[in-house]
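A.B. asks: So that we are looking at the same thing, I have put the structure below in structure tokens.
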There are 2 protein chains.
Amino acid sequence: MSTVPSPDYFDVPLPRPVVKPGEFIFSAMHLDHAHIIGMTGALRDAGATLKSVYDPDPVKVAEFCRAFPEARPVAGEADILNDPEVRLVAAAAVTCERADLGIRVMRAGKDYFTDKAPMTALRQLAAVKDCVRQTGRKYLCYYAERLHTHSGIFAERLIRRGAIGKVLFMNGFGPHRLNPAIRPPWFFERKKYGGILCDIGSHQIEQFLQFSGEEDAQVQFSRVANYAHPQYPGLEDFGECALVGKNGTAFHFRVDWFTPDGLREWGDSRTFVVGTEGTLELRKTIDPAVPEKTRDIVILVNGREEKRFLTEGKVGYPFFGELILDCLNRTENAMTQAHCFKAAELGIRASDQAVHLDRIIKSES
Amino acid sequence: MSTVPSPDYFDVPLPRPVVKPGEFIFSAMHLDHAHIIGMTGALRDAGATLKSVYDPDPVKVAEFCRAFPEARPVAGEADILNDPEVRLVAAAAVTCERADLGIRVMRAGKDYFTDKAPMTALRQLAAVKDCVRQTGRKYLCYYAERLHTHSGIFAERLIRRGAIGKVLFMNGFGPHRLNPAIRPPWFFERKKYGGILCDIGSHQIEQFLQFSGEEDAQVQFSRVANYAHPQYPGLEDFGECALVGKNGTAFHFRVDWFTPDGLREWGDSRTFVVGTEGTLELRKTIDPAVPEKTRDIVILVNGREEKRFLTEGKVGYPFFGELILDCLNRTENAMTQAHCFKAAELGIRASDQAVHLDRIIKSES
């Protein structure tokens with residue numbers, strides 16, 4: 001046995017607010033997905049000052065203001081877009097409307113931070129890219145399954161420090177609970193949410209690009225199905241995709257809406273990374289069937305040992321402070337624009353190219 | 001909380017020998033893969049009587065006889081093929097030679113039990129099928145990752161009893177340690193081992209067919225690479241495959257030769273099964289980074305709870321006794337001939353159709 005202690009990687013201080021109150025002002029609008037709560041809270045924790053909120057539905061605004069009493073409800077989008085103090089707009093509109101909204105925000109001179117997926121069609125992406133070029137504004141996305149998890153940030157730290165050598169291939173599982181009773185109608189319309197590989201698949205692809213360092217990739221194969229929800233014909237309840245990066249890193253992921261009600265979390269989200277010198281497994285949300293409920297577990301196996309890291313609460317989410325500073329300094333430390341767009345593009349391509357197993361199931365049986 | 005206790009599924013007695021000494025006599029020959037030890041031991045534990053052993057290499061024979069002192073070494077294949085007492089031949093020849101050997105065995109009037117993969121080419125499969133039809137003998141295969149694991153047998157019991165409803169889709173990981181120093185030269189020759197998807201992939205496909213109840217499937221996509229072993233140009237160190245069953249069950253698996261030296265097992269073998277009513281995860285070989293080394297863990301999540309089953313030593317391997325009785329009674333309880341062949345066929349197809357990432361890696365970089 002080696003006597004050299006293995007590194008514990010917990011040597012980076014927790015992120016702290018990067019600006020003082022009033023130094024970076026943002027607003028929230030279009031509250032169609034509850035992710036807006038997580039987005040707003042994380043920006044606030046990183047030092048940003050929330051000024052105002054808008055949604056056509058006063059119930060959604062009231063709910064938002066219960067979580068963020070400092071937010072001033074305003075009567076229309078224009079009240080935010082025309083407010084010179086507001087530097088950034090955070091939004092979680094219906095997925096297919098996120099691009100148009102972002103274009104309005106950027107044309108008003110503000111940066112835009114949208115829930116994932118950031119768009120649902122390649123023509124939306126082209127329009128957004130044009131607008132970014134013309135306005136110089138940012139169109140960034142809340143890929144929460146990496147950037148808002150301790151384990152996601154921690155795993156990237158391990159990879160960057162060479163803990164598993166060069167990343168060769170990865171697998172990801174993104175199961176989610178359907179909860180149909182609390183979902184709005186647009187959630188079940190394929191055109192509006194973009195298909196499962198575009199929607200919850202975009203998280204997966206973003207992680208792949210980030211962990212592997214790949215800047216481009218191709219979709220080699222993808223498939224979707226509606227296995228068990230005939231009452232929602234527009235729902236894809238299963239999706240799978242195989243990508244390969246330009247430098248050869250392989251990635252496969254599966255997403256689905258089959259989290260059983262007995263799981264203590266919304267989904268048992270996993271990421272597996274295999275490198276030349278070791279492997280990582282991320283159990284992001286739960287270690288299933290372990291009595292003490294724990295999230296953000298990272299398991300490293302290398303040439304010497306198996307090691308379990310409990311990262312919950314010990315890493316933090318540097319993305320949000322970096323995003324604020326990127327907006328102020330026009331840098332790209334939180335996430336490059338190209339990376340944000342590439343993850344979106346590949347999710348849309350995976351969705352558009354997918355083989356529909358439903359048709360196979362029906363034609364064969 | 002429900003007050004009805006959930007079933008523990010440990011209500012089936014451990015398998016016992018199905019025949020008395022001398023009632024079912026078998027021999028072993030062609031000891032090219034060490035799996036022959038596991039195959040022979042399991043048959044013996046199920047009551048079979050080992051009579052003789054042959055391999056051209058006396059070192060391999062001596063090693064075998066250390067494990068099974070009752071085996072009488074013989075001078076040639078013919079001594080076994082012409083022995084009227086021998087009903088079954090167990091063998092682990094070089095993979096590409098398994099079909100020809102099986103044909104010789106069946107023509108001698110004996111059943112054949114080969115290590116996986118049972119063959120490496122579709123023309124071998126066709127010849128073997130002809131021979132089975134002509135001789136009425138059995139050509140069966142040691143798909144050990146299901147039939148020689150407590151967790152594999154236990155998971156099937158749960159599925160058959162409806163613990164997760166109808167199986168919809170599955171994922172499997174079959175990483176293995178390369179150990180190049182102890183591997184014979186044929187192990188690195190693509191034509192001889194059949195490619196990674198045929199070789200260690202056949203385990204995966206067999207499990208898929210068994211757990212899903214699918215009798216036929218198509219390979220929708222497969223890919224292989226040699227990522228990190230340029231010194232073995234014939235080695236595929238990574239393979240991935242997506243299948244869909246005739247009734248629509250989806251399956252994806254990944255196999256590789258990247259088990260890090262620090263893992264306490266040869267590989268962290270996993271199977272994930274998603275059904276309409278719940279999910280299963282099998283950690284067959286190890287629960288990585290858990291101090292107390294445990295294998296054969298099955299995690300069930302259903303509509304009510306998360307449950308962890310420790311199955312090691314509590315289930316047994318009914319396959320081997322069923323195989324003996326199938327040979328005696330000409331039944332098909334252990335495994336149908338069609339199932340054995342279908343798993344082999346799909347592995348060969350996956351291997352033959354695979355996209356080679358090596359070419360992408362080389363052409364792009």
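By convention here, the chains of the structure tokens are called A, B, ... in the order presented, each chain's residues are numbered starting at 1, and ligands are numbered starting at 1 in the order presented.
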Please list as a list in words every residue within 6 Å of region 282-295 of chain B, counting only C-alpha atoms and excluding residues in the same chain fewer than 6 positions away.
C.D. replies: Glu306, Lys307 and Arg308 of chain A; Asp268, Ser269, Arg270 and Thr271 of chain B
A.B. asks: Limited to all heavy atoms, could you put the picked residues into a file as a JSON list (two decimals), in the first residue's frame?
C.D. replies:
[["chain", "number", "residue", "atom", "x", "y", "z"],
["A", 306, "GLU", "N", -10.43, 2.65, -4.51],
["A", 306, "GLU", "CA", -11.81, 3.09, -4.71],
["A", 306, "GLU", "C", -12.07, 4.15, -3.65],
["A", 306, "GLU", "O", -11.81, 3.91, -2.47],
["A", 306, "GLU", "CB", -12.78, 1.92, -4.48],
["A", 306, "GLU", "CG", -12.55, 0.73, -5.39],
["A", 306, "GLU", "CD", -13.25, -0.53, -4.86],
["A", 306, "GLU", "OE1", -14.19, -0.43, -4.05],
["A", 306, "GLU", "OE2", -12.83, -1.63, -5.27],
["A", 307, "LYS", "N", -12.62, 5.28, -4.05],
["A", 307, "LYS", "CA", -12.80, 6.36, -3.08],
["A", 307, "LYS", "C", -14.16, 7.01, -3.26],
["A", 307, "LYS", "O", -14.58, 7.27, -4.38],
["A", 307, "LYS", "CB", -11.68, 7.39, -3.31],
["A", 307, "LYS", "CG", -11.40, 8.21, -2.10],
["A", 307, "LYS", "CD", -10.07, 8.92, -2.18],
["A", 307, "LYS", "CE", -10.01, 9.94, -1.05],
["A", 307, "LYS", "NZ", -8.75, 10.65, -1.01],
["A", 308, "ARG", "N", -14.81, 7.26, -2.14],
["A", 308, "ARG", "CA", -16.16, 7.82, -2.16],
["A", 308, "ARG", "C", -16.09, 9.22, -1.58],
["A", 308, "ARG", "O", -15.65, 9.41, -0.45],
["A", 308, "ARG", "CB", -17.04, 6.92, -1.30],
["A", 308, "ARG", "CG", -18.49, 7.28, -1.22],
["A", 308, "ARG", "CD", -19.16, 6.23, -0.30],
["A", 308, "ARG", "NE", -20.49, 6.62, 0.06],
["A", 308, "ARG", "CZ", -21.59, 6.27, -0.62],
["A", 308, "ARG", "NH1", -21.48, 5.48, -1.67],
["A", 308, "ARG", "NH2", -22.78, 6.67, -0.22],
["B", 268, "ASP", "N", -16.74, -3.59, -12.67],
["B", 268, "ASP", "CA", -17.92, -3.10, -11.95],
["B", 268, "ASP", "C", -19.11, -3.30, -12.89],
["B", 268, "ASP", "O", -19.54, -2.40, -13.59],
["B", 268, "ASP", "CB", -17.71, -1.63, -11.59],
["B", 268, "ASP", "CG", -18.88, -1.05, -10.82],
["B", 268, "ASP", "OD1", -19.88, -1.76, -10.60],
["B", 268, "ASP", "OD2", -18.79, 0.14, -10.46],
["B", 269, "SER", "N", -19.64, -4.52, -12.85],
["B", 269, "SER", "CA", -20.66, -4.95, -13.80],
["B", 269, "SER", "C", -22.03, -4.51, -13.30],
["B", 269, "SER", "O", -22.41, -4.81, -12.17],
["B", 269, "SER", "CB", -20.57, -6.48, -13.90],
["B", 269, "SER", "OG", -21.58, -6.99, -14.71],
["B", 270, "ARG", "N", -22.77, -3.79, -14.14],
["B", 270, "ARG", "CA", -24.08, -3.25, -13.72],
["B", 270, "ARG", "C", -25.15, -3.55, -14.75],
["B", 270, "ARG", "O", -24.88, -3.55, -15.95],
["B", 270, "ARG", "CB", -24.02, -1.73, -13.62],
["B", 270, "ARG", "CG", -22.95, -1.20, -12.73],
["B", 270, "ARG", "CD", -23.37, -1.00, -11.31],
["B", 270, "ARG", "NE", -22.28, -0.31, -10.66],
["B", 270, "ARG", "CZ", -22.36, 0.95, -10.21],
["B", 270, "ARG", "NH1", -23.48, 1.61, -10.30],
["B", 270, "ARG", "NH2", -21.31, 1.51, -9.65],
["B", 271, "THR", "N", -26.34, -3.71, -14.27],
["B", 271, "THR", "CA", -27.49, -3.81, -15.16],
["B", 271, "THR", "C", -28.60, -2.94, -14.58],
["B", 271, "THR", "O", -28.85, -2.99, -13.37],
["B", 271, "THR", "CB", -27.98, -5.27, -15.27],
["B", 271, "THR", "OG1", -26.87, -6.10, -15.63],
["B", 271, "THR", "CG2", -29.06, -5.40, -16.34]]
A.B. asks: Which chain A residues have any atom within 7 Å of an atom of chain B, and for each, what is the nearest pair of atoms with distance in Å to one decimal, counting only C-alpha atoms, rows sorted by chain and number, as a Markdown table?
C.D. replies:
| residue | atom | partner | partner_atom | distance |
| --- | --- | --- | --- | --- |
| A:Phe221 | CA | B:Phe221 | CA | 6.7 |
| A:Lys246 | CA | B:Glu364 | CA | 6.4 |
| A:Asn247 | CA | B:Ile361 | CA | 5.7 |
| A:Gly248 | CA | B:Ile361 | CA | 4.6 |
| A:Pro260 | CA | B:Gly303 | CA | 5.2 |
| A:Asp261 | CA | B:Gly303 | CA | 4.5 |
| A:Gly262 | CA | B:Arg304 | CA | 4.1 |
| A:Leu263 | CA | B:Glu306 | CA | 6.0 |
| A:Glu277 | CA | B:Pro260 | CA | 6.8 |
| A:Gly278 | CA | B:Pro260 | CA | 5.5 |
| A:Pro288 | CA | B:Glu306 | CA | 6.4 |
| A:Ala289 | CA | B:Glu306 | CA | 4.8 |
| A:Ile299 | CA | B:Ala289 | CA | 6.8 |
| A:Val301 | CA | B:Gly262 | CA | 6.1 |
| A:Asn302 | CA | B:Gly262 | CA | 5.4 |
| A:Gly303 | CA | B:Gly262 | CA | 4.5 |
| A:Arg304 | CA | B:Gly262 | CA | 4.1 |
| A:Glu305 | CA | B:Gly262 | CA | 4.1 |
| A:Glu306 | CA | B:Ala289 | CA | 4.8 |
| A:Lys307 | CA | B:Ala289 | CA | 5.2 |
| A:Arg308 | CA | B:Ala289 | CA | 5.5 |
| A:Leu357 | CA | B:Gly248 | CA | 6.7 |
| A:Ile360 | CA | B:Gly248 | CA | 6.6 |
| A:Ile361 | CA | B:Gly248 | CA | 4.7 |
| A:Glu364 | CA | B:Lys246 | CA | 6.3 |
| A:Ser365 | CA | B:Asn247 | CA | 6.3 |
A.B. asks: Considering only C-alpha atoms, return as a PDB file with C-alpha atoms, in the first residue's frame whatever protein or nucleic-acid residues lie within 9 Å of region 120-128 of chain B, sequence-local ones (same chain, fewer than 5 positions apart) excluded.
C.D. replies:
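Heads up, here's the output in part_33.pdb:
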ATOM      1  CA  THR B  95     -13.623 -18.368 -29.562  1.00  0.00           C
ATOM      2  CA  CYS B  96     -13.486 -18.758 -33.351  1.00  0.00           C
ATOM      3  CA  GLU B  97     -12.958 -22.532 -32.933  1.00  0.00           C
ATOM      4  CA  ARG B  98     -15.895 -23.141 -30.616  1.00  0.00           C
ATOM      5  CA  ALA B  99     -18.390 -23.825 -33.409  1.00  0.00           C
ATOM      6  CA  ASP B 100     -16.253 -26.446 -35.181  1.00  0.00           C
ATOM      7  CA  GLY B 102     -19.241 -28.144 -31.030  1.00  0.00           C
ATOM      8  CA  ILE B 103     -20.050 -29.745 -34.353  1.00  0.00           C
ATOM      9  CA  ARG B 133     -31.167 -30.127 -36.495  1.00  0.00           C
ATOM     10  CA  TYR B 139     -25.299 -26.480 -28.148  1.00  0.00           C
ATOM     11  CA  LYS B 191     -10.847 -12.599 -35.983  1.00  0.00           C
ATOM     12  CA  LYS B 192     -10.210 -15.058 -33.174  1.00  0.00           C
ATOM     13  CA  TYR B 193     -12.200 -13.428 -30.359  1.00  0.00           C
ATOM     14  CA  GLY B 194     -14.855 -11.968 -32.670  1.00  0.00           C
ATOM     15  CA  GLY B 195     -14.716  -8.335 -31.568  1.00  0.00           C
ATOM     16  CA  CYS B 198     -19.453 -10.461 -29.857  1.00  0.00           C
ATOM     17  CA  ASP B 199     -17.184 -11.508 -26.992  1.00  0.00           C
ATOM     18  CA  PHE B 341     -28.404 -18.816 -30.687  1.00  0.00           C
ATOM     19  CA  ALA B 344     -24.912 -15.159 -30.220  1.00  0.00           C
ATOM     20  CA  GLU B 345     -26.363 -13.948 -33.510  1.00  0.00           C
ATOM     21  CA  GLY B 347     -23.559 -10.173 -30.734  1.00  0.00           C
ATOM     22  CA  ILE B 348     -22.057 -11.115 -34.090  1.00  0.00           C
ATOM     23  CA  ARG B 349     -24.307  -8.663 -35.937  1.00  0.00           C
ATOM     24  CA  ASP B 352     -19.953  -6.821 -37.758  1.00  0.00           C
TER      25      ASP B 352
END
A.B. asks: When DSSP is applied to the backbone of this structure, which of region 133-362 of chain B are assigned helix (DSSP H, G or I)? Write them out as number ranges by chain.
C.D. replies: B: 133-135, 144-147, 150-160, 180-182, 185-188, 190-193, 201-212, 318-329, 337-353, 357-362
A.B. asks: Counting only C-alpha atoms, what is within 6 Å of region 35-51 of chain A, bar same-chain residues fewer than 6 positions away, as a ChimeraX atom specification?
C.D. replies: /A:17-19,21-22,24-27,71,92,320-321
A.B. asks: Interatomic distance between CA of Ala155 (chain A) and CA of Tyr142 (chain A)?
C.D. replies: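 Distance between the two atoms: 18.1 Å.
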